[in-house]
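Have a look at the structure below before the remarks.
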Amino acid sequence: MFDQPAVRRQAPVPGYDRMLETVRYEGAYPTLERADETVRRVMAALGRELTGDVRADLAARLPLEAALALTAAVPDADRRTGWGFVKDLAVRSGISPAVARWDTGAVLSVVARLAGPDLLSRILRALPEGYALLFGQAELTRRQEA
């Protein structure tokens, strides 16, 4: 017999229904259908921003439906700040920037918990400034040296 390498197992991914219930509660959406539309729209927008291992690692921690929405989107060549992300989501969705910001916060705060602190740190390092607040995190800035 030979030794096999240890397989690192992740915790089970919660179901999409549970994710929708959480987003519905946090976003105060009237129906699960509205929460579903919002999750799919925000995950597709995030998929246009993330690439590489960070994108794949996040998809592995999401329920299948959310992971498919994330990975089906083709990453854009243009890098957007957090506010640019919200404005782009508003334009593509035909909603106001205020609603787009609300939707983004409702979904990405849940995504942050599913990702966990280590992956969330990697995600935020991979994105331009302004995304931490969208994920419900403090936006820390580095002191500029003279």
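Just remember, in the structure tokens the first chain shown is A, the second B, etc., residues are 1-based per chain, and ligands are 1-based in the order shown.
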
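With only C-alpha atoms taken into account, the protein and nucleic acid residues at most 9 Å from Arg101 in chain A (excluding it and anything under 6 positions from it in its own chain) are Trp83, Val86, Lys87, Leu89, Ala90 and Leu134 of chain A.
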
Just N, CA, C and O atoms for this one: save the residues we selected as a short mmCIF file (atom, residue, chain, number, x, y, z; two decimals), in the first residue's frame.
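Saved result, out30.cif, follows:
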```cif
data_model
loop_
_atom_site.label_atom_id
_atom_site.label_comp_id
_atom_site.auth_asym_id
_atom_site.auth_seq_id
_atom_site.Cartn_x
_atom_site.Cartn_y
_atom_site.Cartn_z
N TRP A 83 -17.24 52.19 -6.79
CA TRP A 83 -18.34 53.04 -7.26
C TRP A 83 -18.59 52.81 -8.75
O TRP A 83 -19.74 52.78 -9.21
N VAL A 86 -20.79 49.78 -9.08
CA VAL A 86 -22.20 50.08 -8.79
C VAL A 86 -22.84 50.81 -9.96
O VAL A 86 -23.95 50.47 -10.38
N LYS A 87 -22.16 51.80 -10.51
CA LYS A 87 -22.72 52.54 -11.65
C LYS A 87 -22.92 51.64 -12.86
O LYS A 87 -23.94 51.73 -13.54
N LEU A 89 -23.41 48.38 -12.84
CA LEU A 89 -24.54 47.51 -12.52
C LEU A 89 -25.86 48.24 -12.72
O LEU A 89 -26.81 47.68 -13.29
N ALA A 90 -25.92 49.50 -12.31
CA ALA A 90 -27.15 50.29 -12.48
C ALA A 90 -27.49 50.45 -13.96
O ALA A 90 -28.64 50.25 -14.36
N LEU A 134 -18.46 47.53 -0.19
CA LEU A 134 -19.52 46.77 -0.86
C LEU A 134 -19.67 45.38 -0.25
O LEU A 134 -20.74 44.80 -0.26
#
```

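By only C-alpha atoms, and with residues fewer than 6 positions from Leu127 in chain A along its chain excluded, the set lying at most 9 Å from it is Glu49, Leu50, Arg79, Arg80, Thr81 and Gly82 of chain A.
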
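Residue nearest Ala126 in chain A, chosen from A:Glu33, A:Asp78, A:Asp53, A:Asp17 and counting only C-alpha atoms: A:Asp53.
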
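The gap separating CA of Gly27 in chain A from CA of Val99 in chain A is 10.4 Å, in Å to one decimal.
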
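In terms of minimum interatomic distance to Thr22 in chain A, A:Ser109 ranks closest within A:Gln137, A:Ser109, A:Ser121, A:Thr104, counting only C-alpha atoms.
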
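Residue nearest Arg113 in chain A, chosen from A:Ala56, A:Leu62, A:Val91, A:Ala72 and counting only C-alpha atoms: A:Leu62.
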
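When only C-alpha atoms are used to compute distances to Leu20 in chain A, the closest of the residues A:Arg61, A:Arg125, A:Arg55, A:Arg34 turns out to be A:Arg34.
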
So that I can check the surroundings of Pro75 in chain A, please list as a JSON list (two decimals) with C-alpha atoms, in the first residue's frame every protein, DNA and RNA residue that reaches within 12 Å of it, counting only C-alpha atoms and ignoring chain neighbours fewer than 6 positions away.
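So out-v2.json came out as:
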```
[["chain", "number", "residue", "atom", "x", "y", "z"],
["A", 43, "MET", "CA", -22.80, 37.78, -9.22],
["A", 44, "ALA", "CA", -22.61, 38.34, -12.99],
["A", 45, "ALA", "CA", -21.28, 41.85, -12.36],
["A", 46, "LEU", "CA", -18.68, 40.48, -9.94],
["A", 47, "GLY", "CA", -17.77, 37.87, -12.54],
["A", 48, "ARG", "CA", -16.90, 40.71, -14.92],
["A", 49, "GLU", "CA", -14.37, 41.96, -12.35],
["A", 50, "LEU", "CA", -12.66, 38.83, -10.99],
["A", 51, "THR", "CA", -10.22, 36.57, -12.82],
["A", 52, "GLY", "CA", -7.91, 33.64, -12.18],
["A", 55, "ARG", "CA", -12.55, 33.75, -9.20]]
```

Given only C-alpha atoms as the counted atoms, nearest of A:Phe135, A:Gly116, A:Arg41, A:Tyr29 to Leu70 in chain A: A:Arg41

Helix (DSSP H, G or I) residues, from DSSP on the backbone, in range 59-125 of chain A, as a PyMOL selection string: chain A and resi 59-61+64-72+82-93+97-115+117-125

Pick from A:Ala106, A:Val74, A:Leu68, A:Val54 nearest to Asp118 in chain A, counting only C-alpha atoms: A:Val54

Distance of CA of Glu26 in chain A from CA of Val110 in chain A, expressed in Å to one decimal place: 8.6 Å

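The environment of Ala35 in chain A within 9 Å, counting only C-alpha atoms and disregarding residues fewer than 4 places along the same chain, consists of Leu20, Glu21, Thr22, Val23, Arg24, Tyr25, Gly27, Ala28, Tyr29, Pro30, Thr31, Val39, Arg40, Asp103 and Val107 of chain A.
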